[in-house]
file coords_14.txt (compact mmCIF, C-alpha atoms)
# COMPACT_ATOMS: atom_id res chain seq x y z
CA MET D 1 4.25 39.69 -19.77
CA ASP D 2 5.56 40.83 -16.36
CA GLN D 3 2.60 39.14 -14.64
CA LEU D 4 3.27 35.90 -16.52
CA LYS D 5 6.94 36.05 -15.55
CA LYS D 6 6.00 36.51 -11.91
CA ARG D 7 3.68 33.46 -12.08
CA ALA D 8 6.35 31.36 -13.80
CA ILE D 9 9.10 32.28 -11.32
CA GLN D 10 6.82 31.56 -8.36
CA LEU D 11 5.87 28.22 -9.92
CA GLN D 12 9.51 27.35 -10.53
CA GLU D 13 10.39 28.12 -6.89
CA THR D 14 7.51 25.94 -5.71
CA ILE D 15 8.55 23.04 -7.93
CA THR D 16 12.21 23.39 -6.90
CA ALA D 17 11.24 23.23 -3.20
CA ALA D 18 9.01 20.21 -3.85
CA ALA D 19 11.78 18.43 -5.78
CA LYS D 20 14.14 19.05 -2.88
CA ASN D 21 11.54 17.65 -0.48
CA ILE D 22 11.36 14.35 -2.38
CA LYS D 23 15.19 14.32 -2.72
CA PHE D 24 14.94 14.52 -6.50
CA ASP D 25 18.66 15.16 -7.10
CA GLU D 26 19.72 12.26 -4.85
CA LEU D 27 17.26 9.89 -6.49
CA ARG D 28 18.35 11.00 -9.97
CA THR D 29 21.98 10.31 -9.07
CA GLU D 30 20.98 6.87 -7.80
CA LEU D 31 19.11 6.21 -11.05
CA GLN D 32 22.12 7.26 -13.14
CA GLU D 33 24.34 4.87 -11.16
CA LEU D 34 21.84 2.07 -11.65
CA ASN D 35 21.67 2.76 -15.39
CA SER D 36 25.47 2.53 -15.61
CA ARG D 37 25.54 -0.71 -13.61
CA ILE D 38 22.77 -2.28 -15.68
CA ALA D 39 24.59 -1.36 -18.89
CA SER D 40 27.76 -3.18 -17.81
CA ALA D 41 28.61 -6.50 -19.46
CA ASP D 42 28.75 -8.50 -16.20
CA PHE D 43 25.49 -7.14 -14.78
CA TRP D 44 23.63 -10.49 -14.83
CA GLN D 45 26.44 -12.51 -13.23
CA ASP D 46 24.85 -11.86 -9.85
CA ARG D 47 21.23 -12.60 -10.71
CA THR D 48 19.80 -11.74 -7.26
CA ARG D 49 21.43 -8.31 -7.23
CA ALA D 50 20.56 -7.77 -10.90
CA GLN D 51 16.86 -8.40 -10.26
CA LYS D 52 16.92 -6.06 -7.27
CA ASP D 53 18.68 -3.32 -9.27
CA SER D 54 16.31 -3.72 -12.25
CA LYS D 55 13.30 -3.41 -9.97
CA ARG D 56 14.73 -0.32 -8.28
CA GLN D 57 15.53 1.24 -11.66
CA ALA D 58 11.92 0.78 -12.81
CA GLU D 59 10.60 2.29 -9.56
CA LEU D 60 12.87 5.34 -9.78
CA SER D 61 12.21 5.88 -13.48
CA GLN D 62 8.46 5.84 -12.91
CA ARG D 63 8.68 8.19 -9.96
CA LEU D 64 11.14 10.72 -11.38
CA ALA D 65 9.82 10.99 -14.96
CA PRO D 66 6.87 13.33 -14.19
CA TRP D 67 9.04 15.53 -11.93
CA GLN D 68 11.67 15.79 -14.66
CA LYS D 69 8.94 16.67 -17.15
CA ILE D 70 7.44 19.41 -14.99
CA THR D 71 10.91 20.86 -14.27
CA ASP D 72 11.78 20.94 -17.97
CA GLU D 73 8.44 22.51 -18.94
CA CYS D 74 8.80 25.22 -16.31
CA HIS D 75 12.29 26.02 -17.60
CA GLU D 76 10.91 26.16 -21.16
CA VAL D 77 8.22 28.64 -20.10
CA LEU D 78 10.83 30.96 -18.61
CA GLU D 79 12.88 30.80 -21.80
CA LEU D 80 9.82 31.80 -23.85
CA ILE D 81 9.11 34.69 -21.48
CA ASN D 82 12.68 35.93 -21.89
CA LEU D 83 12.05 36.29 -25.64
CA HIS D 84 9.77 39.27 -24.80
CA ASP D 85 7.45 38.45 -27.70
CA PRO D 86 3.91 39.78 -27.03
CA GLU D 87 2.47 37.35 -29.59
CA LEU D 88 3.51 34.45 -27.38
CA GLU D 89 1.58 35.64 -24.30
CA SER D 90 -1.47 33.48 -24.93
CA ASP D 91 0.62 30.34 -25.51
CA ILE D 92 2.76 31.04 -22.46
CA SER D 93 -0.32 31.53 -20.26
CA SER D 94 -1.76 28.22 -21.44
CA GLN D 95 1.54 26.46 -20.82
CA ILE D 96 1.77 27.85 -17.30
CA ASP D 97 -1.79 26.63 -16.65
CA ALA D 98 -0.78 23.15 -17.86
CA VAL D 99 2.32 23.08 -15.61
CA GLU D 100 0.26 24.21 -12.59
CA SER D 101 -2.31 21.49 -13.31
CA LEU D 102 0.40 18.84 -13.51
CA TYR D 103 1.92 20.06 -10.24
CA GLU D 104 -1.47 19.80 -8.51
CA ARG D 105 -1.53 16.11 -9.42
CA LEU D 106 2.07 15.51 -8.44
CA LYS D 107 2.11 17.31 -5.10
CA LYS D 108 0.19 14.43 -3.48
CA GLU D 109 3.51 12.64 -3.43
CA LEU D 110 4.81 15.23 -0.98
CA ARG D 111 2.56 13.68 1.67
CA TYR D 112 4.29 10.33 1.35
CA ASN D 113 7.35 11.14 3.42
CA GLY D 114 7.08 8.45 6.09
CA PRO D 115 9.89 5.90 6.58
CA TYR D 116 8.11 3.21 4.54
CA ASP D 117 5.66 5.22 2.42
CA GLN D 118 7.37 4.18 -0.82
CA SER D 119 7.20 0.48 0.04
CA ASN D 120 5.01 -2.16 -1.52
CA VAL D 121 2.17 -3.45 0.64
CA ILE D 122 1.19 -6.68 2.36
CA LEU D 123 -2.57 -6.49 2.82
CA SER D 124 -4.37 -8.93 5.13
CA ILE D 125 -8.09 -9.27 5.82
CA TYR D 126 -9.51 -11.18 8.79
CA ALA D 127 -13.16 -12.01 9.33
CA GLY D 128 -14.31 -10.74 12.73
CA ALA D 129 -17.58 -10.85 14.68
CA GLY D 130 -20.53 -11.95 12.59
CA GLY D 131 -20.02 -15.62 11.73
CA THR D 132 -20.64 -16.59 8.10
CA ASP D 133 -21.71 -13.03 7.28
CA ALA D 134 -18.34 -11.75 8.49
CA GLN D 135 -16.49 -14.30 6.37
CA ASP D 136 -18.54 -13.25 3.35
CA TRP D 137 -17.80 -9.61 4.21
CA ALA D 138 -14.06 -10.37 4.28
CA ALA D 139 -14.38 -11.79 0.75
CA MET D 140 -16.25 -8.64 -0.37
CA LEU D 141 -13.44 -6.46 1.00
CA LEU D 142 -10.86 -8.57 -0.81
CA ARG D 143 -12.76 -8.06 -4.05
CA MET D 144 -12.92 -4.29 -3.37
CA TYR D 145 -9.16 -3.97 -2.94
CA VAL D 146 -8.40 -6.23 -5.91
CA ARG D 147 -10.69 -4.10 -8.10
CA TRP D 148 -8.93 -0.95 -6.86
CA ALA D 149 -5.56 -2.51 -7.71
CA GLU D 150 -6.73 -3.49 -11.19
CA GLN D 151 -8.12 -0.02 -11.87
CA ASN D 152 -4.80 1.53 -10.85
CA LYS D 153 -2.69 -1.02 -12.77
CA ILE D 154 -1.17 -2.35 -9.55
CA ALA D 155 0.19 -5.92 -9.56
CA TYR D 156 -1.05 -8.27 -6.84
CA LYS D 157 -0.67 -11.89 -5.81
CA THR D 158 -2.15 -14.07 -3.09
CA ILE D 159 0.25 -15.16 -0.37
CA MET D 160 -2.20 -17.22 1.68
CA GLU D 161 -5.93 -17.71 2.00
CA SER D 162 -8.16 -19.58 4.43
CA ALA D 163 -11.66 -20.31 3.13
CA GLY D 164 -14.78 -20.00 5.30
CA GLU D 165 -16.83 -23.07 6.23
CA GLU D 166 -19.95 -22.03 4.33
CA ALA D 167 -18.95 -18.96 2.34
CA GLY D 168 -16.33 -16.25 2.07
CA ILE D 169 -12.93 -16.36 3.74
CA LYS D 170 -11.65 -16.53 7.29
CA SER D 171 -8.48 -14.70 6.33
CA VAL D 172 -6.41 -13.76 3.30
CA THR D 173 -3.06 -12.08 2.68
CA ILE D 174 -2.09 -10.54 -0.65
CA GLU D 175 0.93 -8.60 -1.82
CA LEU D 176 0.49 -5.38 -3.81
CA GLU D 177 3.30 -3.92 -5.88
CA GLY D 178 3.30 -0.34 -7.13
CA THR D 179 4.50 3.22 -6.57
CA MET D 180 4.30 4.61 -3.00
CA LEU D 181 1.66 2.03 -2.12
CA TYR D 182 2.10 2.03 1.64
CA GLY D 183 1.78 5.81 1.72
CA LYS D 184 -1.47 5.57 -0.22
CA LEU D 185 -3.06 2.60 1.55
CA LYS D 186 -1.95 2.84 5.18
CA GLY D 187 -5.17 4.66 6.09
CA GLU D 188 -7.19 1.57 5.11
CA SER D 189 -5.80 -0.33 8.09
CA GLY D 190 -8.47 -0.95 10.73
CA VAL D 191 -11.89 -2.51 11.33
CA HIS D 192 -14.50 -2.25 8.57
CA ARG D 193 -18.19 -2.64 9.51
CA LEU D 194 -20.99 -3.89 7.24
CA VAL D 195 -24.75 -3.54 7.86
CA ARG D 196 -27.10 -5.41 5.50
CA LEU D 197 -29.91 -7.93 5.23
CA SER D 198 -28.19 -11.26 5.75
CA PRO D 199 -28.24 -13.61 2.73
CA PHE D 200 -27.41 -16.45 5.12
CA ASN D 201 -30.46 -15.99 7.34
CA ALA D 202 -33.78 -17.56 6.31
CA ASP D 203 -35.65 -14.58 7.80
CA SER D 204 -33.40 -12.04 6.02
CA LEU D 205 -32.73 -10.23 9.28
CA ARG D 206 -30.46 -7.24 9.39
CA GLN D 207 -26.93 -8.32 10.27
CA THR D 208 -23.87 -6.35 11.36
CA SER D 209 -20.55 -7.90 10.43
CA PHE D 210 -16.94 -6.90 10.98
CA ALA D 211 -13.62 -7.57 9.26
CA LYS D 212 -10.18 -6.28 10.05
CA VAL D 213 -7.80 -4.96 7.38
CA ASP D 214 -4.06 -4.86 8.04
CA ILE D 215 -1.88 -2.73 5.75
CA LEU D 216 1.83 -3.43 6.18
CA PRO D 217 4.88 -2.02 4.38
CA LYS D 218 6.65 -4.92 2.70
CA ILE D 219 10.09 -5.23 4.32
CA ASP D 220 11.95 -7.84 2.30
CA GLN D 221 15.44 -6.60 3.12
CA PRO D 222 16.70 -8.11 6.41
CA ASP D 223 18.89 -5.05 7.09
CA ASP D 224 15.82 -2.79 7.30
CA ILE D 225 14.38 -4.61 10.33
CA VAL D 226 16.97 -6.67 12.23
CA ILE D 227 15.39 -9.47 14.27
CA ASP D 228 17.36 -11.34 16.95
CA GLU D 229 17.00 -15.05 16.16
CA LYS D 230 16.95 -15.77 19.90
CA GLU D 231 13.58 -13.98 20.01
CA LEU D 232 12.06 -16.33 17.45
CA LYS D 233 10.33 -19.67 17.86
CA ILE D 234 10.16 -21.57 14.57
CA ASP D 235 7.89 -24.59 14.14
CA VAL D 236 7.56 -26.74 11.03
CA TYR D 237 4.59 -28.98 10.33
CA ARG D 238 2.75 -30.73 7.54
CA ALA D 239 0.75 -28.43 5.28
CA GLY D 240 -2.99 -28.99 5.10
CA GLY D 241 -5.59 -28.28 2.44
CA HIS D 242 -5.20 -28.48 -1.30
CA GLY D 243 -1.81 -28.48 -2.91
CA GLY D 244 0.43 -29.99 -5.50
CA GLN D 245 2.74 -32.94 -5.23
CA SER D 246 4.52 -33.19 -1.84
CA VAL D 247 2.61 -30.26 -0.29
CA ASN D 248 0.71 -32.51 2.13
CA THR D 249 3.39 -35.19 2.55
CA THR D 250 6.34 -33.18 3.90
CA ASP D 251 6.84 -30.78 6.79
CA SER D 252 6.87 -27.74 4.49
CA ALA D 253 4.60 -25.42 6.50
CA VAL D 254 6.34 -22.92 8.79
CA ARG D 255 5.09 -21.04 11.85
CA ILE D 256 7.29 -18.28 13.29
CA THR D 257 6.53 -16.66 16.65
CA HIS D 258 8.17 -13.41 17.74
CA LEU D 259 8.44 -14.03 21.49
CA PRO D 260 8.56 -10.40 22.78
CA THR D 261 5.28 -9.48 21.06
CA GLY D 262 3.64 -12.92 20.74
CA MET D 263 3.17 -12.16 17.05
CA THR D 264 2.76 -15.32 14.95
CA VAL D 265 3.03 -15.83 11.18
CA ALA D 266 2.20 -19.19 9.59
CA ILE D 267 2.77 -19.91 5.88
CA GLN D 268 2.11 -23.14 3.98
CA ASN D 269 1.39 -22.07 0.41
CA GLU D 270 4.73 -23.04 -1.11
CA ARG D 271 6.07 -26.58 -1.50
CA SER D 272 9.44 -25.62 -0.09
CA GLN D 273 9.96 -25.14 3.64
CA LEU D 274 12.66 -22.57 2.82
CA GLN D 275 10.28 -20.53 0.62
CA ASN D 276 7.60 -20.60 3.30
CA LYS D 277 10.13 -19.50 5.91
CA GLU D 278 11.32 -16.58 3.74
CA THR D 279 7.74 -15.45 3.14
CA ALA D 280 6.91 -15.75 6.85
CA MET D 281 10.00 -13.71 7.78
CA THR D 282 9.07 -11.00 5.25
CA ILE D 283 5.58 -10.72 6.76
CA LEU D 284 6.97 -10.75 10.31
CA ARG D 285 9.44 -7.96 9.51
CA SER D 286 6.61 -6.00 7.91
CA ARG D 287 4.35 -6.40 10.95
CA LEU D 288 7.12 -5.39 13.32
CA ALA D 289 7.91 -2.33 11.20
CA GLN D 290 4.25 -1.28 11.34
CA LEU D 291 4.17 -1.88 15.09
CA GLN D 292 7.29 0.28 15.54
CA ILE D 293 5.57 3.11 13.67
CA GLU D 294 2.44 2.82 15.81
CA GLN D 295 4.23 2.52 19.16
CA HIS D 296 7.25 4.76 18.42
CA ALA D 297 9.56 2.13 19.89
CA ASP D 298 13.28 2.24 19.17
CA LYS D 299 13.88 -1.45 19.87
CA LEU D 300 11.86 -4.46 18.75
CA SER D 301 12.08 -5.89 22.27
CA GLU D 302 10.08 -2.89 23.53
CA LEU D 303 7.07 -3.65 21.33
CA LYS D 304 3.80 -4.94 22.68
CA GLY D 305 1.53 -7.19 20.66
CA PRO D 306 -1.51 -5.58 18.97
CA ASN D 307 -4.86 -6.21 20.65
CA GLU D 308 -7.48 -4.47 18.50
CA GLN D 309 -10.54 -6.67 17.96
CA ALA D 310 -12.66 -6.76 14.80
CA ALA D 311 -15.89 -5.96 16.64
CA TRP D 312 -18.12 -3.13 17.90
CA GLY D 313 -16.51 0.20 18.73
CA ASN D 314 -13.32 -0.22 16.74
CA GLN D 315 -14.46 0.45 13.19
CA ILE D 316 -12.82 3.07 10.99
CA ARG D 317 -15.51 2.86 8.29
CA SER D 318 -19.11 1.72 8.03
CA TYR D 319 -20.73 0.28 4.91
CA VAL D 320 -24.53 0.34 5.18
CA LEU D 321 -26.65 -1.53 2.62
CA HIS D 322 -29.91 -1.51 4.62
CA PRO D 323 -32.19 0.30 5.52
CA TYR D 324 -30.40 2.94 3.40
CA LYS D 325 -27.15 2.99 1.41
CA MET D 326 -24.10 4.82 2.68
CA VAL D 327 -20.38 4.38 3.22
CA LYS D 328 -18.93 6.67 5.88
CA ASP D 329 -15.40 7.00 7.20
CA VAL D 330 -15.70 7.78 10.92
CA ARG D 331 -12.30 9.55 11.07
CA SER D 332 -12.76 12.10 8.29
CA ASN D 333 -16.60 12.04 8.03
CA VAL D 334 -16.25 11.57 4.26
CA GLU D 335 -19.30 9.68 3.00
CA THR D 336 -21.07 8.58 -0.16
CA SER D 337 -24.35 6.89 -1.01
CA ASP D 338 -22.81 5.09 -4.01
CA VAL D 339 -22.01 1.91 -2.09
CA ASP D 340 -21.83 -0.22 -5.23
CA ALA D 341 -19.07 1.94 -6.69
CA VAL D 342 -17.08 1.74 -3.45
CA LEU D 343 -17.38 -2.05 -3.27
CA ASN D 344 -16.21 -2.12 -6.89
CA GLY D 345 -12.94 -0.42 -5.94
CA LYS D 346 -13.77 3.30 -6.06
CA ILE D 347 -12.12 4.08 -2.71
CA ASP D 348 -9.82 6.99 -3.64
CA MET D 349 -12.05 9.50 -1.83
CA PHE D 350 -11.35 7.67 1.43
CA ILE D 351 -7.65 7.25 0.69
CA ASP D 352 -7.35 10.99 0.01
CA SER D 353 -9.41 11.96 3.05
CA PHE D 354 -7.06 10.03 5.34
CA GLU D 355 -4.10 11.91 3.89
CA VAL D 356 -5.81 15.18 4.74
CA VAL D 357 -6.65 14.40 8.38
CA GLU D 358 -3.51 12.42 9.18
CA PRO D 359 -1.39 14.25 11.78
call {"tool": "encode", "arguments": {"input": "coords_14.txt", "output": "structure tokens"}}
result
Amino acid sequence: MDQLKKRAIQLQETITAAAKNIKFDELRTELQELNSRIASADFWQDRTRAQKDSKRQAELSQRLAPWQKITDECHEVLELINLHDPELESDISSQIDAVESLYERLKKELRYNGPYDQSNVILSIYAGAGGTDAQDWAAMLLRMYVRWAEQNKIAYKTIMESAGEEAGIKSVTIELEGTMLYGKLKGESGVHRLVRLSPFNADSLRQTSFAKVDILPKIDQPDDIVIDEKELKIDVYRAGGHGGQSVNTTDSAVRITHLPTGMTVAIQNERSQLQNKETAMTILRSRLAQLQIEQHADKLSELKGPNEQAAWGNQIRSYVLHPYKMVKDVRSNVETSDVDAVLNGKIDMFIDSFEVVEP
């Protein structure tokens, strides 16, 4: 029994330290305040704030529930040990094993301690060098991430999409909503390289194609990233392509340029110019937040525009379909020959490997 008590106390200390690291007590207090506010009779008088609070409550509840469970179970184990009943040793040992197993799954969260790691994600894919093959490759990557989202019960929606001339897509931006998504997906940002026999070449020659993936933390609160309006150039124009009534007959499309970095965001999906402007500003804030992380700049005016090209020499991962099958991450050297599974959304091995090698 003494050995079991030693294991249980050590486990409790580990869990207590981990809970402190994720600010469990602070988050629990915030959740309790939200629960009280939501229970008040006038909660829905301010619909915008009510929706924000309800969303935050759901996020906190989902995040804190397993930590509360593991804390309670560890406390229960110690109470059983204090009964000093030898007949309970087997049950106590099994319960400690179960708590340790649960902690192994939960401790991944301890890696997500960056400034935006708990944020939702804006994921963009851009076809690079490779012509039609690259546009088809961009569509394959989109399908891969959508499958991953579906398998992990993560909500997603398309913000904008530009179709390729013959096949695939030139670019696409989707929003993903879930728990600690930016922390999980930020390692996917970079150039992805595909090698295969081209289905768009009559001679079926081997073709190398590139597509760039951008993973941004969604910053939809203006206070998080304050942008000086003097540094913005805002253009409105008539939306093109397919759309509903009034989409192509009014100046609803919006293009916003951040002058210090030259960063441009253009949105035309919504019928309303105001909606398109709000979406464009959210994406711009998200891109600037990511750029601040990468360049360690204190002020937005100090940022320089990104210049990485989706072409040779910049890839973070290679997907080879011919003459052999292999997916290899060049940063962690993690690889697999099950290319079909990866392209069907089984990318957790690469997500986890980035967490391990990340400085």
call {"tool": "closest_residue", "arguments": {"input": "coords_14.txt", "among": "D:Ile225, D:Ile70, D:Leu88, D:Met349", "to": "Leu185 of chain D", "atoms": "all atoms listed in the file"}}
result
D:Met349
call {"tool": "atom_distance", "arguments": {"input": "coords_14.txt", "atom1": "atom CA of Val172 of chain D", "atom2": "atom CA of Ala134 of chain D"}}
result
13.2 Å
call {"tool": "atom_distance", "arguments": {"input": "coords_14.txt", "atom1": "atom CA of Lys186 of chain D", "atom2": "atom CA of Leu321 of chain D"}}
result
25.2 Å
call {"tool": "closest_residue", "arguments": {"input": "coords_14.txt", "among": "D:Ala341, D:Leu259, D:Ala202, D:Val77", "to": "Asp97 of chain D", "atoms": "only C-alpha atoms"}}
result
D:Val77
call {"tool": "residues_near_point", "arguments": {"input": "coords_14.txt", "point": "(14.9, -9.9, 9.8)", "cutoff": "12 Å", "atoms": "all atoms listed in the file", "output": "short mmCIF file (atom, residue, chain, number, x, y, z; two decimals) with C-alpha atoms, in the coordinates of the input"}}
result
data_model
loop_
_atom_site.label_atom_id
_atom_site.label_comp_id
_atom_site.auth_asym_id
_atom_site.auth_seq_id
_atom_site.Cartn_x
_atom_site.Cartn_y
_atom_site.Cartn_z
CA LYS D 218 6.65 -4.92 2.70
CA ILE D 219 10.09 -5.23 4.32
CA ASP D 220 11.95 -7.84 2.30
CA GLN D 221 15.44 -6.60 3.12
CA PRO D 222 16.70 -8.11 6.41
CA ASP D 223 18.89 -5.05 7.09
CA ASP D 224 15.82 -2.79 7.30
CA ILE D 225 14.38 -4.61 10.33
CA VAL D 226 16.97 -6.67 12.23
CA ILE D 227 15.39 -9.47 14.27
CA ASP D 228 17.36 -11.34 16.95
CA GLU D 229 17.00 -15.05 16.16
CA LYS D 230 16.95 -15.77 19.90
CA GLU D 231 13.58 -13.98 20.01
CA LEU D 232 12.06 -16.33 17.45
CA ILE D 256 7.29 -18.28 13.29
CA HIS D 258 8.17 -13.41 17.74
CA LYS D 277 10.13 -19.50 5.91
CA GLU D 278 11.32 -16.58 3.74
CA THR D 279 7.74 -15.45 3.14
CA ALA D 280 6.91 -15.75 6.85
CA MET D 281 10.00 -13.71 7.78
CA THR D 282 9.07 -11.00 5.25
CA ILE D 283 5.58 -10.72 6.76
CA LEU D 284 6.97 -10.75 10.31
CA ARG D 285 9.44 -7.96 9.51
CA SER D 286 6.61 -6.00 7.91
CA ARG D 287 4.35 -6.40 10.95
CA LEU D 288 7.12 -5.39 13.32
CA ALA D 289 7.91 -2.33 11.20
CA LEU D 300 11.86 -4.46 18.75
#
call {"tool": "atom_distance", "arguments": {"input": "coords_14.txt", "atom1": "atom CA of Phe350 of chain D", "atom2": "atom CA of Tyr319 of chain D"}}
result
12.4 Å
call {"tool": "residues_near_point", "arguments": {"input": "coords_14.txt", "point": "(-13.8, 11.8, 9.7)", "cutoff": "9 Å", "atoms": "all atoms listed in the file", "output": "list of chain:residue names"}}
result
D:Ile316, D:Lys328, D:Asp329, D:Val330, D:Arg331, D:Ser332, D:Asn333, D:Val334, D:Glu335, D:Ser353, D:Phe354, D:Val357
call {"tool": "residues_around", "arguments": {"input": "coords_14.txt", "residues": "segment 12-15 of chain D", "least_positions_apart": "6", "cutoff": "10 Å", "atoms": "all atoms listed in the file", "output": "list in words"}}
result
Lys6, Asn21, Trp67, Ile70, Thr71, Glu73, Cys74, His75, Val77, Leu78, Val99, Glu100, Tyr103, Leu106 and Lys107 of chain D
call {"tool": "residues_around", "arguments": {"input": "coords_14.txt", "residues": "Ser171 of chain D", "least_positions_apart": "6", "cutoff": "8 Å", "atoms": "all atoms listed in the file", "output": "JSON, numbers by chain"}}
result
{"D": [124, 125, 126, 127, 138, 161, 162, 163]}
call {"tool": "residues_around", "arguments": {"input": "coords_14.txt", "residues": "Asn82 of chain D", "least_positions_apart": "4", "cutoff": "12 Å", "atoms": "all atoms listed in the file", "output": "list in words"}}
result
Met1, Asp2, Leu4, Lys5, Ala8, Ile9, His75, Glu76, Val77, Leu78, Pro86, Leu88, Glu89 and Ile92 of chain D
call {"tool": "closest_residue", "arguments": {"input": "coords_14.txt", "among": "D:Gln275, D:Ser204, D:Ser198, D:Gln95", "to": "Leu11 of chain D", "atoms": "all atoms listed in the file"}}
result
D:Gln95
call {"tool": "closest_residue", "arguments": {"input": "coords_14.txt", "among": "D:Met160, D:Leu123, D:Leu194, D:Lys108", "to": "Asp136 of chain D", "atoms": "all atoms listed in the file"}}
result
D:Leu194
call {"tool": "closest_residue", "arguments": {"input": "coords_14.txt", "among": "D:Glu175, D:Asp53, D:Glu270, D:Asp235", "to": "Val254 of chain D", "atoms": "all atoms listed in the file"}}
result
D:Asp235
call {"tool": "residues_around", "arguments": {"input": "coords_14.txt", "residues": "segment 56-59 of chain D", "least_positions_apart": "6", "cutoff": "8 Å", "atoms": "only C-alpha atoms", "output": "PyMOL selection string"}}
result
chain D and resi 31+34-35+179
call {"tool": "closest_residue", "arguments": {"input": "coords_14.txt", "among": "D:Gln151, D:Gln45, D:Ser54, D:Thr264", "to": "Asn344 of chain D", "atoms": "all atoms listed in the file"}}
result
D:Gln151
call {"tool": "axis_aligned_box", "arguments": {"input": "coords_14.txt", "around": "segment 340-349 of chain D", "padding_each_side": "4 Å", "output": "lines of an AutoDock Vina configuration file"}}
result
center_x = -15.8
center_y = 3.7
center_z = -4.4
size_x = 20.0
size_y = 19.6
size_z = 13.1
call {"tool": "residues_around", "arguments": {"input": "coords_14.txt", "residues": "Gly114 of chain D", "least_positions_apart": "6", "cutoff": "10 Å", "atoms": "all atoms listed in the file", "output": "PyMOL selection string"}}
result
chain D and resi 182-183+293
call {"tool": "decode", "arguments": {"input": "coords_14.txt", "residues": "segment 92-110 of chain D", "atoms": "C-alpha atoms", "output": "tab-separated table (two decimals), in the first residue's frame"}}
result
chain	number	residue	atom	x	y	z
D	92	ILE	CA	-6.51	1.15	-6.37
D	93	SER	CA	-3.64	0.04	-8.63
D	94	SER	CA	-6.00	-0.22	-11.60
D	95	GLN	CA	-7.46	3.20	-10.85
D	96	ILE	CA	-4.01	4.77	-10.66
D	97	ASP	CA	-3.16	3.18	-14.03
D	98	ALA	CA	-6.34	4.69	-15.50
D	99	VAL	CA	-5.53	8.17	-14.13
D	100	GLU	CA	-1.97	7.97	-15.49
D	101	SER	CA	-3.31	6.93	-18.89
D	102	LEU	CA	-5.73	9.86	-18.94
D	103	TYR	CA	-2.95	12.26	-17.96
D	104	GLU	CA	-0.77	10.99	-20.83
D	105	ARG	CA	-3.53	12.01	-23.23
D	106	LEU	CA	-4.14	15.35	-21.56
D	107	LYS	CA	-0.55	16.51	-21.17
D	108	LYS	CA	-0.36	17.33	-24.89
D	109	GLU	CA	-2.28	20.46	-24.00
D	110	LEU	CA	0.70	21.65	-21.97
